[in-house]
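**Q** This is input-v3.txt (compact mmCIF, N, CA and C atoms).
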# COMPACT_ATOMS: atom_id res chain seq x y z
N MET A 47 143.62 67.53 104.82
CA MET A 47 143.22 66.14 105.05
C MET A 47 143.10 65.91 106.55
N ILE A 48 142.08 65.15 106.91
CA ILE A 48 141.84 64.79 108.31
C ILE A 48 141.69 63.27 108.41
N GLY A 49 142.34 62.67 109.38
CA GLY A 49 142.17 61.25 109.69
C GLY A 49 141.33 61.12 110.94
N ILE A 50 140.34 60.23 110.89
CA ILE A 50 139.41 60.10 112.02
C ILE A 50 139.24 58.63 112.40
N SER A 51 139.24 58.37 113.70
CA SER A 51 138.89 57.03 114.18
C SER A 51 137.53 56.67 113.62
N ALA A 52 137.46 55.53 112.95
CA ALA A 52 136.23 55.14 112.25
C ALA A 52 135.02 55.06 113.17
N CYS A 53 135.21 54.66 114.42
CA CYS A 53 134.07 54.55 115.33
C CYS A 53 133.43 55.90 115.59
N LEU A 54 134.22 56.97 115.50
CA LEU A 54 133.69 58.31 115.72
C LEU A 54 132.83 58.78 114.55
N ALA A 55 133.01 58.15 113.41
CA ALA A 55 132.26 58.54 112.21
C ALA A 55 131.05 57.65 111.97
N GLY A 56 130.74 56.80 112.93
CA GLY A 56 129.55 55.97 112.81
C GLY A 56 129.79 54.53 112.39
N TYR A 57 131.04 54.19 112.07
CA TYR A 57 131.34 52.80 111.72
C TYR A 57 131.28 51.94 112.97
N LYS A 58 130.61 50.81 112.88
CA LYS A 58 130.43 49.94 114.04
C LYS A 58 131.63 49.00 114.16
N CYS A 59 132.76 49.57 114.57
CA CYS A 59 134.00 48.80 114.63
C CYS A 59 134.55 48.68 116.05
N ARG A 60 133.87 49.24 117.02
CA ARG A 60 134.32 49.10 118.41
C ARG A 60 134.22 47.65 118.87
N TYR A 61 134.85 47.35 119.97
CA TYR A 61 134.84 45.99 120.51
C TYR A 61 133.41 45.47 120.71
N ASP A 62 132.48 46.37 121.04
CA ASP A 62 131.10 45.96 121.34
C ASP A 62 130.16 46.14 120.15
N LEU A 63 130.72 46.33 118.96
CA LEU A 63 129.97 46.46 117.70
C LEU A 63 129.16 47.74 117.65
N ASN A 64 129.58 48.73 118.43
CA ASN A 64 128.91 50.03 118.41
C ASN A 64 129.82 51.07 117.80
N SER A 65 129.29 52.27 117.65
CA SER A 65 130.09 53.41 117.22
C SER A 65 129.96 54.48 118.29
N GLN A 66 130.73 55.54 118.16
CA GLN A 66 130.72 56.62 119.14
C GLN A 66 130.55 57.97 118.47
N THR A 67 129.76 58.03 117.44
CA THR A 67 129.61 59.28 116.70
C THR A 67 128.89 60.34 117.54
N SER A 68 129.11 61.58 117.17
CA SER A 68 128.48 62.69 117.88
C SER A 68 128.04 63.73 116.86
N CYS A 69 127.22 64.64 117.30
CA CYS A 69 126.78 65.74 116.42
C CYS A 69 127.97 66.55 115.93
N GLU A 70 128.94 66.77 116.82
CA GLU A 70 130.11 67.56 116.46
C GLU A 70 130.94 66.88 115.38
N ILE A 71 131.11 65.57 115.51
CA ILE A 71 131.87 64.83 114.50
C ILE A 71 131.10 64.80 113.18
N LYS A 72 129.80 64.58 113.26
CA LYS A 72 128.98 64.60 112.03
C LYS A 72 129.11 65.95 111.32
N GLU A 73 129.12 67.02 112.08
CA GLU A 73 129.25 68.36 111.50
C GLU A 73 130.64 68.55 110.89
N LEU A 74 131.66 68.03 111.57
CA LEU A 74 133.03 68.16 111.08
C LEU A 74 133.20 67.47 109.72
N ILE A 75 132.61 66.29 109.57
CA ILE A 75 132.82 65.53 108.34
C ILE A 75 131.81 65.83 107.23
N LYS A 76 130.76 66.56 107.58
CA LYS A 76 129.70 66.87 106.63
C LYS A 76 130.27 67.60 105.41
N ASP A 77 129.96 67.07 104.23
CA ASP A 77 130.33 67.68 102.95
C ASP A 77 131.84 67.79 102.72
N ARG A 78 132.65 67.09 103.50
CA ARG A 78 134.10 67.13 103.29
C ARG A 78 134.52 65.92 102.47
N LYS A 79 135.48 66.12 101.61
CA LYS A 79 136.01 65.03 100.79
C LYS A 79 137.45 64.68 101.20
N ASP A 80 138.03 65.49 102.08
CA ASP A 80 139.43 65.30 102.46
C ASP A 80 139.57 64.60 103.81
N ILE A 81 138.87 63.48 103.96
CA ILE A 81 138.86 62.73 105.21
C ILE A 81 139.11 61.26 104.92
N PHE A 82 139.86 60.61 105.78
CA PHE A 82 139.95 59.15 105.73
C PHE A 82 139.67 58.62 107.13
N PHE A 83 139.03 57.47 107.17
CA PHE A 83 138.62 56.84 108.42
C PHE A 83 139.42 55.55 108.58
N PHE A 84 139.74 55.21 109.82
CA PHE A 84 140.50 53.99 110.06
C PHE A 84 140.24 53.48 111.46
N CYS A 85 140.41 52.19 111.64
CA CYS A 85 140.32 51.55 112.95
C CYS A 85 141.57 50.70 113.14
N PRO A 86 142.51 51.13 113.96
CA PRO A 86 143.73 50.35 114.15
C PRO A 86 143.47 48.92 114.62
N GLU A 87 142.44 48.72 115.41
CA GLU A 87 142.18 47.38 115.93
C GLU A 87 141.75 46.44 114.80
N GLN A 88 140.92 46.92 113.90
CA GLN A 88 140.55 46.11 112.75
C GLN A 88 141.73 45.94 111.80
N LEU A 89 142.50 47.01 111.60
CA LEU A 89 143.69 46.93 110.75
C LEU A 89 144.67 45.89 111.28
N GLY A 90 144.67 45.68 112.59
CA GLY A 90 145.56 44.70 113.21
C GLY A 90 145.04 43.29 113.17
N GLY A 91 143.83 43.10 112.64
CA GLY A 91 143.28 41.75 112.50
C GLY A 91 142.33 41.33 113.60
N LEU A 92 141.97 42.23 114.48
CA LEU A 92 141.00 41.87 115.52
C LEU A 92 139.60 41.87 114.95
N SER A 93 138.79 40.96 115.42
CA SER A 93 137.41 40.84 114.93
C SER A 93 136.52 41.87 115.60
N THR A 94 135.35 42.05 115.02
CA THR A 94 134.32 42.90 115.61
C THR A 94 133.03 42.10 115.60
N PRO A 95 132.40 41.88 116.73
CA PRO A 95 132.81 42.30 118.08
C PRO A 95 134.02 41.50 118.57
N ARG A 96 134.59 41.96 119.69
CA ARG A 96 135.74 41.29 120.28
C ARG A 96 135.71 41.49 121.80
N ILE A 97 136.44 40.67 122.48
CA ILE A 97 136.55 40.80 123.94
C ILE A 97 137.31 42.09 124.24
N PRO A 98 136.84 42.89 125.19
CA PRO A 98 137.52 44.15 125.50
C PRO A 98 139.00 43.94 125.84
N CYS A 99 139.82 44.86 125.40
CA CYS A 99 141.26 44.82 125.64
C CYS A 99 141.70 46.08 126.37
N GLU A 100 142.77 45.93 127.15
CA GLU A 100 143.39 47.08 127.82
C GLU A 100 144.90 46.88 127.81
N ILE A 101 145.61 47.99 127.89
CA ILE A 101 147.07 47.93 128.00
C ILE A 101 147.40 47.60 129.45
N VAL A 102 147.95 46.41 129.67
CA VAL A 102 148.24 45.96 131.04
C VAL A 102 149.64 46.34 131.49
N ASP A 103 150.53 46.61 130.55
CA ASP A 103 151.88 47.10 130.84
C ASP A 103 152.11 48.27 129.91
N ARG A 104 151.98 49.48 130.45
CA ARG A 104 152.02 50.67 129.61
C ARG A 104 153.44 51.02 129.16
N GLU A 105 154.43 50.69 129.95
CA GLU A 105 155.82 51.00 129.57
C GLU A 105 156.29 50.12 128.42
N ASN A 106 155.97 48.83 128.47
CA ASN A 106 156.42 47.89 127.44
C ASN A 106 155.37 47.61 126.37
N ILE A 107 154.23 48.26 126.45
CA ILE A 107 153.08 48.09 125.55
C ILE A 107 152.70 46.60 125.44
N ILE A 108 152.09 46.10 126.48
CA ILE A 108 151.53 44.75 126.49
C ILE A 108 150.01 44.92 126.60
N VAL A 109 149.29 44.34 125.65
CA VAL A 109 147.84 44.47 125.60
C VAL A 109 147.22 43.09 125.76
N LYS A 110 146.28 42.98 126.67
CA LYS A 110 145.57 41.71 126.87
C LYS A 110 144.08 41.97 126.85
N ASN A 111 143.34 40.92 126.50
CA ASN A 111 141.89 41.05 126.58
C ASN A 111 141.43 40.64 127.97
N LYS A 112 140.16 40.81 128.21
CA LYS A 112 139.60 40.56 129.55
C LYS A 112 139.78 39.11 129.99
N ASN A 113 139.98 38.20 129.02
CA ASN A 113 140.21 36.79 129.35
C ASN A 113 141.69 36.49 129.59
N GLY A 114 142.54 37.51 129.50
CA GLY A 114 143.97 37.33 129.75
C GLY A 114 144.78 36.94 128.52
N GLU A 115 144.14 36.91 127.35
CA GLU A 115 144.84 36.55 126.12
C GLU A 115 145.64 37.74 125.61
N ASP A 116 146.90 37.48 125.24
CA ASP A 116 147.79 38.54 124.76
C ASP A 116 147.39 38.95 123.34
N LYS A 117 147.07 40.22 123.18
CA LYS A 117 146.68 40.78 121.88
C LYS A 117 147.65 41.87 121.43
N THR A 118 148.83 41.89 122.05
CA THR A 118 149.83 42.91 121.75
C THR A 118 150.18 42.95 120.27
N GLU A 119 150.41 41.79 119.68
CA GLU A 119 150.81 41.73 118.27
C GLU A 119 149.79 42.41 117.37
N GLN A 120 148.50 42.14 117.59
CA GLN A 120 147.45 42.74 116.77
C GLN A 120 147.39 44.26 116.97
N PHE A 121 147.58 44.72 118.20
CA PHE A 121 147.54 46.16 118.46
C PHE A 121 148.74 46.86 117.82
N LEU A 122 149.91 46.26 117.92
CA LEU A 122 151.09 46.86 117.30
C LEU A 122 150.97 46.85 115.77
N ARG A 123 150.48 45.75 115.22
CA ARG A 123 150.28 45.67 113.77
C ARG A 123 149.27 46.72 113.31
N GLY A 124 148.17 46.84 114.03
CA GLY A 124 147.15 47.82 113.66
C GLY A 124 147.66 49.24 113.74
N ALA A 125 148.43 49.56 114.77
CA ALA A 125 149.00 50.90 114.88
C ALA A 125 149.99 51.15 113.74
N SER A 126 150.78 50.15 113.40
CA SER A 126 151.73 50.29 112.29
C SER A 126 151.00 50.50 110.97
N GLU A 127 149.93 49.78 110.75
CA GLU A 127 149.14 49.95 109.52
C GLU A 127 148.49 51.33 109.48
N ALA A 128 148.01 51.80 110.63
CA ALA A 128 147.42 53.14 110.70
C ALA A 128 148.47 54.19 110.38
N ILE A 129 149.69 54.00 110.86
CA ILE A 129 150.77 54.95 110.58
C ILE A 129 151.09 54.97 109.09
N ILE A 130 151.02 53.82 108.43
CA ILE A 130 151.23 53.79 106.98
C ILE A 130 150.18 54.67 106.29
N LEU A 131 148.92 54.56 106.72
CA LEU A 131 147.86 55.41 106.16
C LEU A 131 148.13 56.89 106.45
N ILE A 132 148.54 57.17 107.65
CA ILE A 132 148.81 58.55 108.05
C ILE A 132 149.95 59.12 107.21
N GLU A 133 151.00 58.36 107.02
CA GLU A 133 152.11 58.83 106.20
C GLU A 133 151.70 59.00 104.74
N PHE A 134 150.82 58.14 104.27
CA PHE A 134 150.36 58.25 102.88
C PHE A 134 149.49 59.48 102.67
N TYR A 135 148.50 59.67 103.52
CA TYR A 135 147.55 60.78 103.36
C TYR A 135 148.08 62.12 103.85
N GLU A 136 149.06 62.10 104.73
CA GLU A 136 149.65 63.31 105.30
C GLU A 136 148.60 64.30 105.83
N PRO A 137 147.73 63.83 106.74
CA PRO A 137 146.70 64.74 107.27
C PRO A 137 147.32 65.81 108.16
N GLU A 138 146.65 66.93 108.23
CA GLU A 138 147.11 67.97 109.16
C GLU A 138 146.52 67.75 110.55
N LEU A 139 145.53 66.86 110.64
CA LEU A 139 144.85 66.63 111.91
C LEU A 139 144.36 65.19 112.00
N LEU A 140 144.51 64.61 113.18
CA LEU A 140 143.87 63.33 113.51
C LEU A 140 142.86 63.59 114.61
N VAL A 141 141.68 62.98 114.49
CA VAL A 141 140.68 63.02 115.55
C VAL A 141 140.51 61.58 116.02
N LEU A 142 140.95 61.31 117.25
CA LEU A 142 141.00 59.94 117.76
C LEU A 142 140.09 59.75 118.96
N LYS A 143 139.68 58.49 119.16
CA LYS A 143 138.76 58.11 120.22
C LYS A 143 139.48 58.04 121.57
N GLU A 144 139.14 58.98 122.44
CA GLU A 144 139.73 59.00 123.78
C GLU A 144 139.35 57.73 124.54
N ASN A 145 140.21 57.30 125.43
CA ASN A 145 140.05 56.12 126.30
C ASN A 145 140.32 54.80 125.59
N SER A 146 140.46 54.80 124.29
CA SER A 146 140.69 53.57 123.53
C SER A 146 142.11 53.05 123.75
N PRO A 147 142.27 51.71 123.86
CA PRO A 147 143.63 51.17 123.99
C PRO A 147 144.46 51.39 122.72
N SER A 148 143.82 51.68 121.61
CA SER A 148 144.53 52.00 120.38
C SER A 148 144.69 53.51 120.21
N CYS A 149 143.60 54.24 120.32
CA CYS A 149 143.55 55.65 119.91
C CYS A 149 143.54 56.65 121.05
N GLY A 150 143.49 56.20 122.28
CA GLY A 150 143.45 57.14 123.39
C GLY A 150 144.59 58.14 123.31
N VAL A 151 144.29 59.40 123.52
CA VAL A 151 145.29 60.46 123.41
C VAL A 151 145.79 60.86 124.80
N ASN A 152 144.87 61.14 125.70
CA ASN A 152 145.22 61.62 127.04
C ASN A 152 144.87 60.62 128.14
N LYS A 153 143.86 59.80 127.89
CA LYS A 153 143.36 58.86 128.90
C LYS A 153 143.13 57.49 128.27
N ILE A 154 143.48 56.45 129.02
CA ILE A 154 143.15 55.07 128.66
C ILE A 154 142.74 54.35 129.94
N TYR A 155 142.14 53.19 129.79
CA TYR A 155 141.80 52.39 130.97
C TYR A 155 143.07 51.82 131.57
N ASP A 156 143.05 51.59 132.87
CA ASP A 156 144.27 51.31 133.63
C ASP A 156 144.84 49.90 133.49
N GLY A 157 144.19 49.02 132.75
CA GLY A 157 144.72 47.68 132.54
C GLY A 157 144.20 46.64 133.50
N THR A 158 143.28 47.04 134.39
CA THR A 158 142.73 46.10 135.37
C THR A 158 141.28 45.73 135.06
N PHE A 159 140.72 46.31 134.01
CA PHE A 159 139.33 46.08 133.61
C PHE A 159 138.35 46.48 134.71
N SER A 160 138.74 47.50 135.48
CA SER A 160 137.91 48.00 136.57
C SER A 160 137.13 49.25 136.16
N GLY A 161 137.37 49.76 134.97
CA GLY A 161 136.72 50.99 134.53
C GLY A 161 137.46 52.25 134.92
N GLU A 162 138.60 52.11 135.57
CA GLU A 162 139.39 53.27 136.00
C GLU A 162 140.26 53.77 134.85
N LEU A 163 140.31 55.09 134.70
CA LEU A 163 141.12 55.73 133.67
C LEU A 163 142.42 56.25 134.27
N VAL A 164 143.48 56.26 133.44
CA VAL A 164 144.77 56.83 133.83
C VAL A 164 145.22 57.78 132.73
N SER A 165 146.10 58.68 133.09
CA SER A 165 146.67 59.60 132.11
C SER A 165 147.75 58.87 131.32
N ASP A 166 147.43 58.54 130.09
CA ASP A 166 148.37 57.85 129.20
C ASP A 166 147.74 57.79 127.82
N SER A 167 148.47 57.23 126.87
CA SER A 167 148.02 57.16 125.49
C SER A 167 147.86 55.71 125.05
N GLY A 168 147.04 55.53 124.01
CA GLY A 168 146.88 54.22 123.40
C GLY A 168 148.06 53.87 122.51
N VAL A 169 148.05 52.67 121.98
CA VAL A 169 149.18 52.13 121.22
C VAL A 169 149.51 53.00 120.01
N LEU A 170 148.53 53.42 119.23
CA LEU A 170 148.80 54.25 118.06
C LEU A 170 149.50 55.54 118.46
N VAL A 171 149.00 56.22 119.45
CA VAL A 171 149.58 57.51 119.86
C VAL A 171 150.99 57.29 120.42
N LYS A 172 151.19 56.20 121.17
CA LYS A 172 152.53 55.89 121.67
C LYS A 172 153.51 55.70 120.52
N LEU A 173 153.11 54.97 119.48
CA LEU A 173 154.00 54.74 118.34
C LEU A 173 154.24 56.02 117.55
N LEU A 174 153.22 56.85 117.39
CA LEU A 174 153.41 58.13 116.71
C LEU A 174 154.47 58.97 117.45
N LYS A 175 154.40 58.97 118.77
CA LYS A 175 155.37 59.73 119.57
C LYS A 175 156.76 59.13 119.45
N ARG A 176 156.85 57.80 119.55
CA ARG A 176 158.15 57.13 119.47
C ARG A 176 158.82 57.36 118.12
N GLN A 177 158.00 57.38 117.07
CA GLN A 177 158.55 57.59 115.73
C GLN A 177 158.69 59.07 115.39
N LYS A 178 158.37 59.91 116.37
CA LYS A 178 158.49 61.37 116.22
C LYS A 178 157.73 61.89 115.00
N ILE A 179 156.54 61.34 114.82
CA ILE A 179 155.65 61.82 113.75
C ILE A 179 154.88 62.99 114.32
N ASP A 180 155.17 64.16 113.80
CA ASP A 180 154.59 65.39 114.32
C ASP A 180 153.28 65.69 113.60
N ILE A 181 152.19 65.56 114.32
CA ILE A 181 150.87 65.80 113.74
C ILE A 181 149.94 66.29 114.85
N ASP A 182 149.04 67.18 114.51
CA ASP A 182 148.05 67.63 115.48
C ASP A 182 147.05 66.51 115.73
N ILE A 183 146.79 66.26 117.00
CA ILE A 183 145.86 65.20 117.39
C ILE A 183 144.84 65.79 118.35
N MET A 184 143.58 65.50 118.08
CA MET A 184 142.48 65.90 118.96
C MET A 184 141.67 64.66 119.29
N THR A 185 140.83 64.78 120.30
CA THR A 185 139.88 63.73 120.63
C THR A 185 138.48 64.23 120.31
N GLU A 186 137.51 63.33 120.42
CA GLU A 186 136.12 63.75 120.23
C GLU A 186 135.73 64.78 121.28
N ASN A 187 136.36 64.74 122.44
CA ASN A 187 136.07 65.71 123.50
C ASN A 187 136.54 67.10 123.11
N ASP A 188 137.68 67.19 122.44
CA ASP A 188 138.20 68.47 121.99
C ASP A 188 137.28 69.08 120.94
N ILE A 189 136.76 68.25 120.03
CA ILE A 189 135.86 68.72 118.98
C ILE A 189 134.59 69.28 119.60
N ALA A 190 134.11 68.64 120.67
CA ALA A 190 132.88 69.07 121.32
C ALA A 190 133.01 70.47 121.91
N PHE A 191 134.24 70.88 122.24
CA PHE A 191 134.44 72.19 122.87
C PHE A 191 134.94 73.26 121.90
N LYS A 192 135.10 72.94 120.63
CA LYS A 192 135.59 73.92 119.64
C LYS A 192 134.51 74.89 119.29
Written as structure tokens, how would this file's structure read?
**A**
Amino acid sequence: MIGISACLAGYKCRYDLNSQTSCEIKELIKDRKDIFFFCPEQLGGLSTPRIPCEIVDRENIIVKNKNGEDKTEQFLRGASEAIILIEFYEPELLVLKENSPSCGVNKIYDGTFSGELVSDSGVLVKLLKRQKIDIDIMTENDIAFK
């Protein structure tokens, strides 16, 4: 079983109503039946489209949108709901959207809405680590180089 960020599979669930699918992801999911797709931000109750959000306090996990509105509760709820799916399906691999405030694995935006990236993880990955859920995680960038 594989869990994949829905935006990577062509679902238009990103903040800007777009998806981020690639040839590599399309090839990965082609003809497979053991895949589930999810979007933590939608699971947390955020609308699509939505105002861009970034983690403004990475240590305490505080997420705000570009207008300064606190969206932490929705991000934490969405990550918790995604973890419920992960525990239910027990995938051997997650493929998550890099740079996302929810799904970023190695890089996320720095919280200033300047377009700068920092080495850190999104809310879902932070909670997976805190709860010591051991699962292989890749990004769309890793798939592109396989």
**Q** Env of Arg96 in chain A: 6.5 Å cut, atoms = only N, CA and C atoms, seq-sep filter 5 positions within chain, self excluded. Answer as JSON, numbers by chain.
**A** {"A": [60, 61, 62, 63]}
**Q** Can you pull out the residues contacting Ile129 in chain A? Cut-off 8 Å, using all atoms listed in the file, and skip same-chain residues under 6 positions away; I want them as number ranges by chain.
**A** A: 86, 123, 135, 170, 173-174
**Q** Which of chain A counts as strand (DSSP E or B) under DSSP, as a ChimeraX atom specification please?
**A** /A:48-51,81-84,99-103,108-111,116,139-142,145,153-155,163-165,182-185
**Q** Could you work out an axis-aligned bounding box for all listed atoms of range 136-145 of chain A, with 8 Å added on each of the six sides, and give its centre and edge lengths in Å to one decimal, as AutoDock Vina command-line options?
**A**
--center_x 144.2 --center_y 61.4 --center_z 115.5 --size_x 26.9 --size_y 29.2 --size_z 37.6
**Q** Counting only C-alpha atoms, write as a PyMOL selection string all protein and nucleic acid residues lying at most 12 Å from (122.6, 56.1, 109.7) in the file's frame.
**A** chain A and resi 55-58+65+67+72
**Q** Out of A:Leu74, A:Val141, A:Ile154, A:Met184, which residue has the shortest atom-to-atom distance to Ala52 in chain A when counting all atoms listed in the file?
**A**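 Residue with the minimum atom-to-atom distance to Ala52 in chain A: A:Val141.
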**Q** List every residue of range 76-122 of chain A that has an atom at most 12 Å from any atom of range 158-166 of chain A, giving for each one its closest atom pair and the distance in Å to one decimal, counting only C-alpha atoms, sorted by chain and then by ascending residue number, as CSV.
**A**
residue,atom,partner,partner_atom,distance
A:Ile97,CA,A:Phe159,CA,11.4
A:Pro98,CA,A:Phe159,CA,8.5
A:Cys99,CA,A:Phe159,CA,8.3
A:Glu100,CA,A:Phe159,CA,7.1
A:Ile101,CA,A:Thr158,CA,8.7
A:Val102,CA,A:Thr158,CA,7.0
A:Asp103,CA,A:Thr158,CA,10.3
A:Arg104,CA,A:Asp166,CA,8.1
A:Glu105,CA,A:Asp166,CA,10.1
A:Ile107,CA,A:Asp166,CA,11.4
A:Val109,CA,A:Thr158,CA,11.1
A:Lys110,CA,A:Thr158,CA,10.0
A:Asn111,CA,A:Phe159,CA,9.0
A:Lys112,CA,A:Phe159,CA,6.9
A:Asn113,CA,A:Phe159,CA,10.3
A:Gly114,CA,A:Thr158,CA,10.5
**Q** My list of candidates is A:Glu119, A:Gly157, A:Ile81, A:Pro95. Which is closest to Glu136 in chain A when distances are computed with only C-alpha atoms?
**A**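 Nearest to Glu136 in chain A: A:Ile81.
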**Q** Between atom C of Pro147 in chain A and atom C of Arg78 in chain A, what is the distance, to one decimal in Å?
**A**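 The value is 26.8 Å.
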**Q** Leaving out Lys172 in chain A and any residue of its chain fewer than 3 positions from it, which residues lie within 8 Å of it when counting all atoms listed in the file, given as a PyMOL selection string?
**A** chain A and resi 148-151+166-169+175-178
**Q** Output N, CA and C atoms for every residue in the selection just made, as an mmCIF file, keeping the file's coordinate frame.
**A**
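The new file result_6.cif reads:
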data_model
loop_
_atom_site.group_PDB
_atom_site.id
_atom_site.type_symbol
_atom_site.label_atom_id
_atom_site.label_comp_id
_atom_site.auth_asym_id
_atom_site.auth_seq_id
_atom_site.Cartn_x
_atom_site.Cartn_y
_atom_site.Cartn_z
ATOM 1 N N SER A 148 143.820 51.680 121.610
ATOM 2 C CA SER A 148 144.530 52.000 120.380
ATOM 3 C C SER A 148 144.690 53.510 120.210
ATOM 4 N N CYS A 149 143.600 54.240 120.320
ATOM 5 C CA CYS A 149 143.550 55.650 119.910
ATOM 6 C C CYS A 149 143.540 56.650 121.050
ATOM 7 N N GLY A 150 143.490 56.200 122.280
ATOM 8 C CA GLY A 150 143.450 57.140 123.390
ATOM 9 C C GLY A 150 144.590 58.140 123.310
ATOM 10 N N VAL A 151 144.290 59.400 123.520
ATOM 11 C CA VAL A 151 145.290 60.460 123.410
ATOM 12 C C VAL A 151 145.790 60.860 124.800
ATOM 13 N N ASP A 166 147.430 58.540 130.090
ATOM 14 C CA ASP A 166 148.370 57.850 129.200
ATOM 15 C C ASP A 166 147.740 57.790 127.820
ATOM 16 N N SER A 167 148.470 57.230 126.870
ATOM 17 C CA SER A 167 148.020 57.160 125.490
ATOM 18 C C SER A 167 147.860 55.710 125.050
ATOM 19 N N GLY A 168 147.040 55.530 124.010
ATOM 20 C CA GLY A 168 146.880 54.220 123.400
ATOM 21 C C GLY A 168 148.060 53.870 122.510
ATOM 22 N N VAL A 169 148.050 52.670 121.980
ATOM 23 C CA VAL A 169 149.180 52.130 121.220
ATOM 24 C C VAL A 169 149.510 53.000 120.010
ATOM 25 N N LYS A 175 154.400 58.970 118.770
ATOM 26 C CA LYS A 175 155.370 59.730 119.570
ATOM 27 C C LYS A 175 156.760 59.130 119.450
ATOM 28 N N ARG A 176 156.850 57.800 119.550
ATOM 29 C CA ARG A 176 158.150 57.130 119.470
ATOM 30 C C ARG A 176 158.820 57.360 118.120
ATOM 31 N N GLN A 177 158.000 57.380 117.070
ATOM 32 C CA GLN A 177 158.550 57.590 115.730
ATOM 33 C C GLN A 177 158.690 59.070 115.390
ATOM 34 N N LYS A 178 158.370 59.910 116.370
ATOM 35 C CA LYS A 178 158.490 61.370 116.220
ATOM 36 C C LYS A 178 157.730 61.890 115.000
#
**Q** Work out how far CA of Phe134 in chain A is from CA of Asp80 in chain A, in Å to one decimal.
**A**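 Separating CA of Asp80 in chain A from CA of Phe134 in chain A is a distance of 13.0 Å.
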**Q** Have a look at CA of Ala125 in chain A and CA of Lys79 in chain A and let me know their distance in Å, one decimal.
**A**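 Separation between CA of Ala125 in chain A and CA of Lys79 in chain A: 23.8 Å.
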**Q** Determine the nearest neighbour of Ile50 in chain A from the options A:Leu142, A:Ile108, A:Pro137, A:Asp188, counting all atoms listed in the file.
**A**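 Of the candidates, the smallest distance to Ile50 in chain A is held by A:Leu142.
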